[in-house]
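> Have a peek at run.cif (mmCIF, C-alpha atoms and all ligand atoms).
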```cif
data_structure
#
loop_
_atom_site.label_atom_id
_atom_site.label_comp_id
_atom_site.auth_asym_id
_atom_site.auth_seq_id
_atom_site.Cartn_x
_atom_site.Cartn_y
_atom_site.Cartn_z
CA MET S 17 172.04 127.59 95.49
CA ASP S 18 174.31 126.60 98.40
CA THR S 19 175.76 129.06 100.89
CA PHE S 20 179.28 128.34 99.58
CA SER S 21 178.54 129.92 96.17
CA SER S 22 180.70 132.90 95.43
CA THR S 23 179.32 136.36 96.07
CA GLU S 24 179.33 136.96 92.32
CA VAL S 25 177.13 133.92 91.58
CA ARG S 26 174.67 134.97 94.28
CA LEU S 27 174.76 138.58 93.09
CA ILE S 28 173.92 137.57 89.50
CA GLU S 29 170.95 135.59 90.72
CA ALA S 30 169.82 138.35 93.06
CA LEU S 31 169.84 140.89 90.20
CA GLN S 32 167.64 138.89 87.80
CA PRO S 33 164.38 140.66 88.87
CA ILE S 34 166.05 144.04 88.18
CA ARG S 35 167.23 142.80 84.80
CA ALA S 36 163.70 141.59 83.96
CA PHE S 37 162.27 144.94 85.09
CA VAL S 38 164.55 146.87 82.68
CA VAL S 39 164.04 144.39 79.83
CA ALA S 40 160.24 144.75 80.17
CA ALA S 41 160.52 148.56 80.07
CA ALA S 42 162.88 148.43 77.06
CA ILE S 43 160.56 146.08 75.13
CA HIS S 44 157.66 148.46 75.72
CA HIS S 45 159.70 151.42 74.44
CA VAL S 46 160.87 149.55 71.34
CA PHE S 47 157.16 149.12 70.54
CA GLU S 48 156.03 152.64 71.53
CA SER S 49 158.89 154.56 69.88
CA GLY S 50 158.09 153.21 66.42
CA ILE S 51 161.37 151.26 66.28
CA TYR S 52 159.54 147.93 66.20
CA ASP S 53 157.28 148.96 63.31
CA ALA S 54 160.26 150.27 61.33
CA LEU S 55 162.19 147.01 61.86
CA THR S 56 159.27 144.93 60.53
CA LYS S 57 160.22 146.39 57.13
CA GLY S 58 163.74 144.88 57.36
CA GLU S 59 167.22 145.91 58.50
CA GLN S 60 167.66 149.65 59.02
CA ASP S 61 170.49 152.15 59.05
CA GLU S 62 170.49 153.51 62.61
CA GLY S 63 171.20 157.13 61.63
CA GLU S 64 168.34 157.21 59.13
CA LEU S 65 166.01 155.45 61.56
CA PHE S 66 166.71 157.94 64.36
CA LYS S 67 166.22 160.89 62.01
CA ARG S 68 162.91 159.54 60.71
CA LEU S 69 161.57 158.85 64.22
CA GLU S 70 163.11 162.06 65.65
CA LEU S 71 165.09 160.12 68.27
CA GLU S 72 168.10 161.42 70.22
CA PRO S 73 170.95 159.28 68.69
CA ALA S 74 172.98 158.62 71.88
CA ARG S 75 169.88 157.50 73.78
CA ALA S 76 168.29 155.52 70.98
CA SER S 77 171.52 153.68 70.17
CA ALA S 78 171.87 152.77 73.88
CA LEU S 79 168.36 151.28 73.76
CA LEU S 80 169.21 149.31 70.60
CA GLN S 81 172.50 148.05 72.06
CA PHE S 82 170.77 147.03 75.32
CA MET S 83 168.30 145.00 73.25
CA ARG S 84 171.14 143.47 71.17
CA ASN S 85 172.87 142.38 74.38
CA GLU S 86 169.64 140.76 75.56
CA GLY S 87 169.19 138.91 72.24
CA TYR S 88 166.13 140.80 70.94
CA LEU S 89 167.86 142.78 68.17
CA GLY S 90 170.83 142.09 65.92
CA GLY S 91 173.16 144.00 63.58
CA ALA S 92 176.37 145.98 64.00
CA ASN S 93 178.30 148.90 62.47
CA GLY S 94 175.32 151.24 62.42
CA ARG S 95 172.81 148.65 61.15
CA VAL S 96 170.02 147.07 63.19
CA HIS S 97 167.55 144.28 62.56
CA MET S 98 165.01 142.31 64.51
CA LEU S 99 165.62 138.82 65.93
CA ASP S 100 162.93 136.18 66.47
CA LYS S 101 162.87 136.84 70.22
CA MET S 102 161.55 140.39 69.53
CA ARG S 103 159.35 139.40 66.59
CA GLY S 104 157.71 136.73 68.72
CA LEU S 105 156.52 139.34 71.24
CA ALA S 106 154.44 141.27 68.68
CA GLU S 107 151.23 139.37 69.36
CA PHE S 108 151.62 140.11 73.09
CA ARG S 109 152.28 143.84 72.64
CA GLY S 110 149.02 144.77 74.40
CA TRP S 111 150.19 143.24 77.68
CA TYR S 112 153.28 145.50 77.55
CA THR S 113 151.17 148.54 76.63
CA MET S 114 148.86 148.01 79.60
CA LEU S 115 151.16 146.65 82.32
CA ILE S 116 154.28 148.71 81.53
CA GLY S 117 152.97 151.73 79.59
CA GLY S 118 149.77 152.07 81.61
CA TYR S 119 150.80 150.84 85.05
CA GLY S 120 154.64 150.96 85.06
CA GLN S 121 154.57 154.25 86.99
CA THR S 122 151.95 152.83 89.36
CA PHE S 123 154.27 149.99 90.38
CA LEU S 124 157.05 152.50 91.10
CA GLU S 125 154.68 154.51 93.31
CA LEU S 126 153.43 151.57 95.42
CA GLY S 127 155.63 152.52 98.38
CA ASP S 128 154.49 156.17 98.39
CA LYS S 129 150.86 155.12 98.35
CA LEU S 130 150.85 152.51 101.12
CA LYS S 131 150.21 154.96 103.95
CA VAL S 132 146.71 155.83 105.09
CA GLY S 133 145.53 159.00 103.33
CA SER S 134 148.29 158.93 100.70
CA GLY S 135 145.84 159.11 97.77
CA SER S 136 145.89 157.19 94.49
CA ALA S 137 148.93 156.21 92.46
CA SER S 138 149.15 157.56 88.92
CA ARG S 139 148.61 155.60 85.71
CA ARG S 140 148.48 156.37 82.00
CA ALA S 141 144.76 155.84 81.41
CA ASP S 142 145.08 156.07 77.62
CA LEU S 143 147.66 153.26 77.52
CA VAL S 144 145.55 151.25 80.01
CA GLY S 145 142.58 151.48 77.62
CA ILE S 146 144.59 150.86 74.44
CA GLY S 147 146.56 147.97 75.98
CA SER S 148 143.43 146.46 77.49
CA CYS S 149 141.65 146.52 74.12
CA ALA S 150 144.67 144.86 72.46
CA ILE S 151 144.55 142.10 75.11
CA SER S 152 140.77 141.88 74.70
CA HIS S 153 141.28 141.08 71.01
CA TYR S 154 142.45 137.64 72.24
CA ASP S 155 140.15 137.10 75.20
CA ALA S 156 137.27 139.48 75.99
CA ILE S 157 136.21 140.35 72.42
CA PRO S 158 135.69 136.68 71.39
CA LEU S 159 133.99 136.12 74.78
CA THR S 160 131.69 139.12 74.15
CA ARG S 161 130.90 137.79 70.68
CA ARG S 162 129.93 134.40 72.07
CA LEU S 163 127.65 136.07 74.63
CA MET S 164 126.16 138.36 71.92
CA SER S 165 125.32 135.35 69.78
CA GLN S 166 122.82 134.31 72.46
CA ILE S 167 120.74 137.48 72.07
CA PRO S 168 117.54 136.51 70.25
CA GLY S 169 117.09 138.51 67.04
CA GLY S 170 120.73 139.64 67.00
CA VAL S 171 122.20 143.08 67.66
CA LYS S 172 121.91 146.28 65.59
CA ARG S 173 123.05 149.12 67.88
CA VAL S 174 125.94 148.64 70.32
CA LEU S 175 126.99 151.05 73.04
CA ASP S 176 130.50 150.43 74.44
CA LEU S 177 131.04 152.20 77.77
CA GLY S 178 134.73 152.69 78.63
CA CYS S 179 135.63 151.76 75.05
CA GLY S 180 139.39 152.51 75.24
CA ASN S 181 140.55 152.96 71.64
CA ALA S 182 137.24 151.51 70.33
CA LEU S 183 138.81 148.28 69.10
CA TYR S 184 135.74 146.26 70.17
CA LEU S 185 133.46 148.40 68.02
CA VAL S 186 135.80 148.33 65.04
CA GLU S 187 135.99 144.53 65.21
CA PHE S 188 132.19 144.18 65.63
CA CYS S 189 131.47 146.56 62.74
CA LYS S 190 133.81 144.60 60.47
CA LEU S 191 132.18 141.31 61.44
CA PHE S 192 128.56 142.47 61.36
CA PRO S 193 127.81 144.90 58.49
CA GLU S 194 124.39 145.83 59.93
CA ILE S 195 125.77 147.12 63.26
CA GLN S 196 125.83 150.82 64.24
CA ALA S 197 127.89 151.68 67.30
CA TRP S 198 128.62 154.33 69.90
CA GLY S 199 131.75 154.37 72.06
CA VAL S 200 132.17 156.32 75.30
CA GLU S 201 135.60 156.90 76.82
CA PRO S 202 136.38 159.39 79.62
CA ASP S 203 140.14 159.66 79.10
CA ARG S 204 140.88 162.42 76.55
CA LYS S 205 143.93 160.70 75.02
CA GLY S 206 142.12 157.33 74.97
CA TYR S 207 139.19 159.04 73.22
CA GLU S 208 141.59 160.62 70.69
CA ALA S 209 143.12 157.18 70.02
CA ALA S 210 139.58 155.88 69.39
CA VAL S 211 138.86 158.72 66.94
CA ALA S 212 142.13 157.96 65.12
CA LEU S 213 141.41 154.21 64.90
CA VAL S 214 137.84 154.73 63.66
CA GLU S 215 139.10 157.19 60.99
CA ARG S 216 141.91 154.83 59.96
CA GLU S 217 139.34 152.06 59.48
CA HIS S 218 136.95 154.44 57.61
CA LEU S 219 134.14 153.62 60.03
CA GLN S 220 133.09 157.21 60.96
CA SER S 221 129.66 156.69 59.39
CA ARG S 222 128.99 153.71 61.69
CA ILE S 223 130.82 154.51 64.95
CA GLN S 224 130.10 157.65 66.98
CA LEU S 225 132.38 158.56 69.88
CA THR S 226 131.92 160.66 73.01
CA CYS S 227 134.55 161.67 75.56
CA SER S 228 132.70 161.10 78.84
CA GLY S 229 132.37 158.84 81.86
CA ALA S 230 129.59 156.24 81.68
CA VAL S 231 127.56 157.72 84.53
CA GLU S 232 127.65 161.29 83.15
CA PHE S 233 126.88 159.99 79.65
CA PHE S 234 123.43 158.88 80.82
CA ARG S 235 122.70 162.30 82.31
CA THR S 236 122.64 163.82 78.79
CA PRO S 237 119.91 163.34 76.14
CA LEU S 238 120.66 160.46 73.78
CA SER S 239 119.66 160.18 70.13
CA PHE S 240 120.88 156.56 70.02
CA SER S 241 118.79 153.68 71.30
CA PRO S 242 121.17 150.73 71.91
CA ASP S 243 120.02 147.12 72.03
CA LEU S 244 123.33 146.06 73.61
CA THR S 245 125.69 147.78 76.05
CA VAL S 246 129.18 146.41 76.57
CA LEU S 247 131.04 147.06 79.84
CA GLY S 248 134.45 145.42 79.36
CA PHE S 249 136.46 145.72 82.59
CA VAL S 250 134.66 148.97 83.42
CA LEU S 251 132.22 148.13 86.23
CA HIS S 252 135.10 147.67 88.70
CA GLU S 253 136.34 151.15 87.68
CA ILE S 254 132.89 152.62 88.40
CA LEU S 255 132.72 150.57 91.63
CA GLY S 256 135.98 152.18 92.81
CA GLN S 257 134.75 155.65 91.83
CA GLU S 258 131.07 155.55 92.86
CA GLY S 259 130.77 152.65 95.33
CA GLU S 260 128.26 149.81 95.31
CA ALA S 261 125.17 152.02 95.47
CA GLY S 262 126.57 154.07 92.58
CA VAL S 263 126.96 151.00 90.34
CA VAL S 264 123.49 149.68 91.23
CA GLY S 265 121.99 153.14 90.55
CA PHE S 266 123.86 153.38 87.25
CA LEU S 267 122.67 149.93 86.07
CA LYS S 268 119.09 150.74 87.08
CA GLN S 269 119.22 154.07 85.27
CA LEU S 270 120.54 152.34 82.14
CA THR S 271 117.88 149.63 82.11
CA GLU S 272 115.04 152.02 83.01
CA ARG S 273 115.99 154.17 80.04
CA PHE S 274 116.35 151.16 77.71
CA PRO S 275 114.12 148.43 79.19
CA ASP S 276 114.80 145.88 76.43
CA ILE S 277 118.55 146.30 76.38
CA HIS S 278 121.01 143.43 76.90
CA LEU S 279 124.25 144.03 78.76
CA VAL S 280 127.57 142.26 78.38
CA VAL S 281 129.74 142.68 81.47
CA ILE S 282 133.31 141.36 81.50
CA GLU S 283 135.20 141.28 84.79
CA VAL S 284 138.10 139.48 86.46
CA ASP S 285 137.09 137.28 89.38
CA GLN S 286 138.93 138.41 92.54
CA LYS S 287 140.82 135.28 93.62
CA MET S 288 144.15 136.81 94.55
CA ASP S 289 144.19 134.99 97.90
CA GLU S 290 143.26 131.57 96.51
CA PRO S 291 146.44 129.45 96.17
CA ARG S 292 144.81 126.99 93.77
CA ALA S 293 144.01 129.82 91.31
CA MET S 294 147.27 131.68 91.82
CA ARG S 295 149.62 128.72 91.20
CA HIS S 296 148.67 128.73 87.50
CA GLY S 297 151.43 130.03 85.17
CA LEU S 298 149.21 132.76 83.70
CA SER S 299 148.06 133.79 87.18
CA LEU S 300 151.65 134.45 88.22
CA ALA S 301 152.66 136.05 84.90
CA TYR S 302 149.59 138.27 84.50
CA TYR S 303 146.88 138.17 87.16
CA ASN S 304 149.20 138.64 90.15
CA PRO S 305 150.50 142.03 88.90
CA TYR S 306 146.99 142.82 87.59
CA TYR S 307 145.41 142.27 91.02
CA LEU S 308 148.16 144.32 92.67
CA PHE S 309 147.60 147.68 90.94
CA HIS S 310 143.81 147.89 91.40
CA PRO S 311 143.56 149.09 95.01
CA PHE S 312 146.25 151.69 94.30
CA THR S 313 144.32 153.26 91.41
CA ARG S 314 140.78 153.66 92.77
CA GLN S 315 139.51 150.45 91.24
CA ARG S 316 137.75 147.67 93.11
CA LEU S 317 137.95 144.14 91.77
CA GLU S 318 135.34 141.81 93.19
CA THR S 319 134.39 138.14 93.25
CA ARG S 320 131.92 136.47 90.93
CA ALA S 321 129.55 136.01 93.91
CA PHE S 322 129.70 139.77 94.62
CA TRP S 323 128.75 140.64 91.03
CA LEU S 324 125.89 138.12 90.97
CA LYS S 325 124.43 139.70 94.13
CA LEU S 326 124.90 143.23 92.77
CA PHE S 327 123.20 142.34 89.47
CA GLN S 328 120.25 140.97 91.43
CA GLU S 329 120.03 144.20 93.45
CA ALA S 330 120.03 146.15 90.19
CA GLY S 331 117.06 144.07 88.96
CA LEU S 332 119.11 142.16 86.39
CA ALA S 333 119.03 138.47 85.49
CA VAL S 334 121.96 136.49 84.14
CA VAL S 335 120.90 135.17 80.71
CA ALA S 336 124.26 133.51 80.00
CA GLU S 337 127.71 133.25 81.54
CA ASP S 338 131.00 132.21 79.98
CA THR S 339 134.76 132.46 80.28
CA VAL S 340 137.72 132.65 77.90
CA THR S 341 138.58 129.61 75.78
CA PRO S 342 141.36 127.57 77.43
CA ASP S 343 143.77 127.89 74.48
CA VAL S 344 144.14 131.59 75.42
CA ASP S 345 143.49 131.53 79.17
CA SER S 346 142.67 128.37 81.10
CA THR S 347 142.55 130.06 84.54
CA GLY S 348 138.78 130.71 84.31
CA LEU S 349 139.45 134.04 86.07
CA GLU S 350 138.00 136.20 83.33
CA ILE S 351 134.21 136.03 83.52
CA GLY S 352 131.59 137.33 81.13
CA PHE S 353 127.87 137.81 81.79
CA LEU S 354 124.99 138.43 79.42
CA LEU S 355 122.38 140.32 81.45
CA ARG S 356 118.88 141.64 80.99
CA ARG S 357 116.21 143.23 83.17
CA ALA S 358 114.83 140.37 85.26
CA ASP S 359 111.19 141.36 84.62
CA ARG S 360 111.84 141.23 80.84
CA VAL S 361 113.42 137.77 81.06
CA ALA S 362 110.43 136.48 83.02
CA ARG S 363 108.05 138.03 80.49
CA HIS S 364 109.82 137.12 77.23
CA GLY S 365 111.77 134.04 78.29
C1 LIG I 1 140.67 148.24 81.55
S1 LIG I 1 140.14 149.43 80.39
C2 LIG I 1 139.00 148.48 79.42
C3 LIG I 1 138.98 148.87 77.97
C4 LIG I 1 138.04 148.01 77.12
N1 LIG I 1 136.65 148.20 77.51
C5 LIG I 1 138.39 146.54 77.20
O1 LIG I 1 137.52 145.74 77.53
O2 LIG I 1 139.54 146.16 76.94
C6 LIG I 1 139.05 150.39 81.38
C7 LIG I 1 138.51 151.58 80.60
O3 LIG I 1 137.47 152.19 81.38
C8 LIG I 1 137.61 153.58 81.29
N2 LIG I 1 136.89 154.16 82.45
C9 LIG I 1 137.35 154.48 83.68
N3 LIG I 1 136.36 155.01 84.42
C10 LIG I 1 135.25 155.03 83.66
C11 LIG I 1 133.92 155.49 83.84
N4 LIG I 1 133.51 156.03 85.00
N5 LIG I 1 133.05 155.38 82.82
C12 LIG I 1 133.43 154.84 81.64
N6 LIG I 1 134.67 154.39 81.39
C13 LIG I 1 135.58 154.47 82.39
C14 LIG I 1 139.11 153.80 81.30
O4 LIG I 1 139.48 155.07 80.82
C15 LIG I 1 139.58 152.66 80.40
O5 LIG I 1 139.59 153.02 79.03
#
```
Let me see the structure of the file written as structure tokens.
Ligand SMILES: C[S@@+](CC[C@H](N)C(=O)[O-])C[C@H]1O[C@@H](n2cnc3c(N)ncnc32)[C@H](O)[C@@H]1O

Amino acid sequence: MDTFSSTEVRLIEALQPIRAFVVAAAIHHVFESGIYDALTKGEQDEGELFKRLELEPARASALLQFMRNEGYLGGANGRVHMLDKMRGLAEFRGWYTMLIGGYGQTFLELGDKLKVGSGSASRRADLVGIGSCAISHYDAIPLTRRLMSQIPGGVKRVLDLGCGNALYLVEFCKLFPEIQAWGVEPDRKGYEAAVALVEREHLQSRIQLTCSGAVEFFRTPLSFSPDLTVLGFVLHEILGQEGEAGVVGFLKQLTERFPDIHLVVIEVDQKMDEPRAMRHGLSLAYYNPYYLFHPFTRQRLETRAFWLKLFQEAGLAVVAEDTVTPDVDSTGLEIGFLLRRADRVARHG
């Protein structure tokens, strides 16, 4: 843009980030309010739709009109229907749930939380867990399955620590009829979402759920003896809460209690300051905002080298390592480890 452009042309360009900010929020609310699900059934009468979803008509019709103007919805004269631009976002709903629903407020609080001693920014932990699981459906769950397939003798009892809405366990139970599972989630609303999903899928006889943090969970007696524990994007939460010694102590406690257990750990490699990694389209669209909110919310992302050293300190050996398939994510930033007590690997191979 040259300096002779009119003020209006420059103003329009300058406002595009604000427009994108509001569009992202509106997309999330079309999903969360139930409007999206209703529109999948076809064109709707606005009045009936608002009544059914208990929406304030003046506000809801402003949201619909905003989305019409942006080309996501169509219809006029009190009727509304979905356009392809909205329909095409459905498979990426989880990214909106996590980044906007879970961390939208966090991004607005960044300025308040920059000062020394200003405490943590807020987040909606339930939507973080639910959104993360929906994203994991595409990346971390298939990655976990590939790592699991390398466990000799297979898996019968899975413990998912920080399970969000328990989507991992539901998917595993559907795939492997012999699996029994236990999910642990500290956020009350996240736990309630897990209970609801497990009931909806009629899997109550196979999936038990506990509302607890991972560390506290191991302080209580356990009637379940897992052969696999999954920690999907949870160790960096515990690292932020308990520090390095806390994570090492937790992993040691886990593997002392269950010496033959395998662990699947999924993390994001901390490469925020590496230009080669950050130039990638998905790095700018997803990982750049993802890296940003962690230090504001008591979470500590770390490098692959850091985790390898920490696993060694905890007496664990890496049995296998993998990343997401490039058709979903070719950055290589998401890393998965299959771990086991080092003395057991040496003994059993
Ligand atoms: C990013 S989400 C990951 C959800 C899911 N495991 C996945 O892979 O998509 C992190 C989850 O860890 C939970 N969490 C936070 N602190 C935890 C702790 N100390 N112990 C267990 N879970 C924790 C959060 O409530 C949230 O559901």
> Go through the chains and note each residue within 6 Å of ligand LIG 1 (chain I), using only C-alpha atoms and all ligand atoms, then give the set as a list in words.
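Based on only C-alpha atoms and all ligand atoms, ligand LIG 1 (chain I) is surrounded within 6 Å by Ala141, Val144, Gly145, Ser148, Cys149, Ser152, Leu177, Gly178, Cys179, Gly180, Glu201, Pro202, Asp203, Gly229, Ala230, Gly248, Phe249, Val250, Glu253 and Ile254 of chain S.
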> Contacts of Cys189 (chain S) at 10 Å or less, counting all atoms listed in the file, minus same-chain residues fewer than 5 places along, as a list of chain:residue names?
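Residues near the query, excluding close chain neighbours: S:Lys172, S:Val174, S:Leu183, S:Tyr184, S:Glu194, S:Ile195, S:Gln196, S:Ala197, S:Leu219, S:Arg222, S:Ile223.
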> For Val200 (chain S), which residue among S:Ile28, S:Leu213, S:Val263, S:Cys227 is the nearest when counting all atoms listed in the file?
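The closest residue to Val200 (chain S) is S:Cys227.
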> Would you please work out which residue, of S:Ser22, S:Thr122, S:Ser138, S:Gln166, is nearest to Val280 (chain S) when using only C-alpha atoms?
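Once distances to Val280 (chain S) are computed over only C-alpha atoms, the minimum belongs to S:Gln166.
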> Taking all atoms listed in the file into account, which of S:Gly94, S:Gly87, S:Gly118, S:Gly352 comes nearest Val284 (chain S)?
S:Gly352
> What is the CA of Ser77 (chain S)-CA of Phe47 (chain S) distance in Å, reported with one decimal?
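So the two atoms, CA of Ser77 (chain S) and CA of Phe47 (chain S), lie 15.1 Å apart.
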> Which residue gives the smallest distance to Lys268 (chain S) among S:Ala330, S:Val132, S:Leu298, S:Met288, with all atoms listed in the file counted?
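For Lys268 (chain S), the nearest of the given residues is S:Ala330.
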> Measuring atom to atom with all atoms listed in the file, identify which of S:Arg139, S:Arg235, S:Arg84, S:Arg173 is nearest to Leu99 (chain S).
S:Arg84
> Output as a short mmCIF file (atom, residue, chain, number, x, y, z; two decimals), keeping the file's coordinate frame: region 316-345 of chain S, completed with N, CA and C atoms.

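This is the output file rebuild13.cif:
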```cif
data_model
loop_
_atom_site.label_atom_id
_atom_site.label_comp_id
_atom_site.auth_asym_id
_atom_site.auth_seq_id
_atom_site.Cartn_x
_atom_site.Cartn_y
_atom_site.Cartn_z
N ARG S 316 138.08 148.71 92.14
CA ARG S 316 137.75 147.67 93.11
C ARG S 316 137.34 146.38 92.40
N LEU S 317 138.28 145.44 92.35
CA LEU S 317 137.95 144.14 91.77
C LEU S 317 137.13 143.36 92.79
N GLU S 318 136.19 142.57 92.28
CA GLU S 318 135.34 141.81 93.19
C GLU S 318 135.15 140.37 92.71
N THR S 319 134.59 139.56 93.58
CA THR S 319 134.39 138.14 93.25
C THR S 319 133.14 137.97 92.36
N ARG S 320 133.09 136.81 91.74
CA ARG S 320 131.92 136.47 90.93
C ARG S 320 130.65 136.54 91.78
N ALA S 321 130.73 136.01 93.03
CA ALA S 321 129.55 136.01 93.91
C ALA S 321 129.09 137.45 94.19
N PHE S 322 130.04 138.36 94.38
CA PHE S 322 129.70 139.77 94.62
C PHE S 322 128.90 140.32 93.44
N TRP S 323 129.41 140.07 92.22
CA TRP S 323 128.75 140.64 91.03
C TRP S 323 127.35 140.05 90.87
N LEU S 324 127.21 138.74 91.13
CA LEU S 324 125.89 138.12 90.97
C LEU S 324 124.88 138.78 91.91
N LYS S 325 125.33 139.07 93.14
CA LYS S 325 124.43 139.70 94.13
C LYS S 325 124.10 141.13 93.68
N LEU S 326 125.13 141.85 93.20
CA LEU S 326 124.90 143.23 92.77
C LEU S 326 123.94 143.29 91.57
N PHE S 327 124.10 142.35 90.63
CA PHE S 327 123.20 142.34 89.47
C PHE S 327 121.75 142.13 89.93
N GLN S 328 121.60 141.24 90.91
CA GLN S 328 120.25 140.97 91.43
C GLN S 328 119.66 142.24 92.05
N GLU S 329 120.50 142.94 92.83
CA GLU S 329 120.03 144.20 93.45
C GLU S 329 119.64 145.23 92.40
N ALA S 330 120.33 145.18 91.25
CA ALA S 330 120.03 146.15 90.19
C ALA S 330 118.85 145.69 89.32
N GLY S 331 118.23 144.56 89.70
CA GLY S 331 117.06 144.07 88.96
C GLY S 331 117.42 143.36 87.67
N LEU S 332 118.66 142.82 87.62
CA LEU S 332 119.11 142.16 86.39
C LEU S 332 119.15 140.65 86.57
N ALA S 333 118.90 139.94 85.49
CA ALA S 333 119.03 138.47 85.49
C ALA S 333 120.17 138.07 84.59
N VAL S 334 120.87 137.00 84.98
CA VAL S 334 121.96 136.49 84.14
C VAL S 334 121.34 135.56 83.08
N VAL S 335 121.44 135.97 81.81
CA VAL S 335 120.90 135.17 80.71
C VAL S 335 121.92 134.11 80.30
N ALA S 336 123.20 134.47 80.35
CA ALA S 336 124.26 133.51 80.00
C ALA S 336 125.56 133.94 80.69
N GLU S 337 126.42 132.96 80.90
CA GLU S 337 127.71 133.25 81.54
C GLU S 337 128.77 132.40 80.85
N ASP S 338 129.95 132.96 80.69
CA ASP S 338 131.00 132.21 79.98
C ASP S 338 132.36 132.71 80.43
N THR S 339 133.40 132.00 79.99
CA THR S 339 134.76 132.46 80.28
C THR S 339 135.58 132.35 78.99
N VAL S 340 136.86 132.65 79.09
CA VAL S 340 137.72 132.65 77.90
C VAL S 340 138.04 131.21 77.50
N THR S 341 138.24 130.98 76.21
CA THR S 341 138.58 129.61 75.78
C THR S 341 139.97 129.24 76.33
N PRO S 342 140.13 127.96 76.72
CA PRO S 342 141.36 127.57 77.43
C PRO S 342 142.64 127.67 76.60
N ASP S 343 142.54 127.74 75.27
CA ASP S 343 143.77 127.89 74.48
C ASP S 343 144.41 129.25 74.72
N VAL S 344 143.61 130.24 75.14
CA VAL S 344 144.14 131.59 75.42
C VAL S 344 144.38 131.76 76.91
N ASP S 345 143.42 131.30 77.72
CA ASP S 345 143.49 131.53 79.17
C ASP S 345 142.69 130.43 79.86
#
```
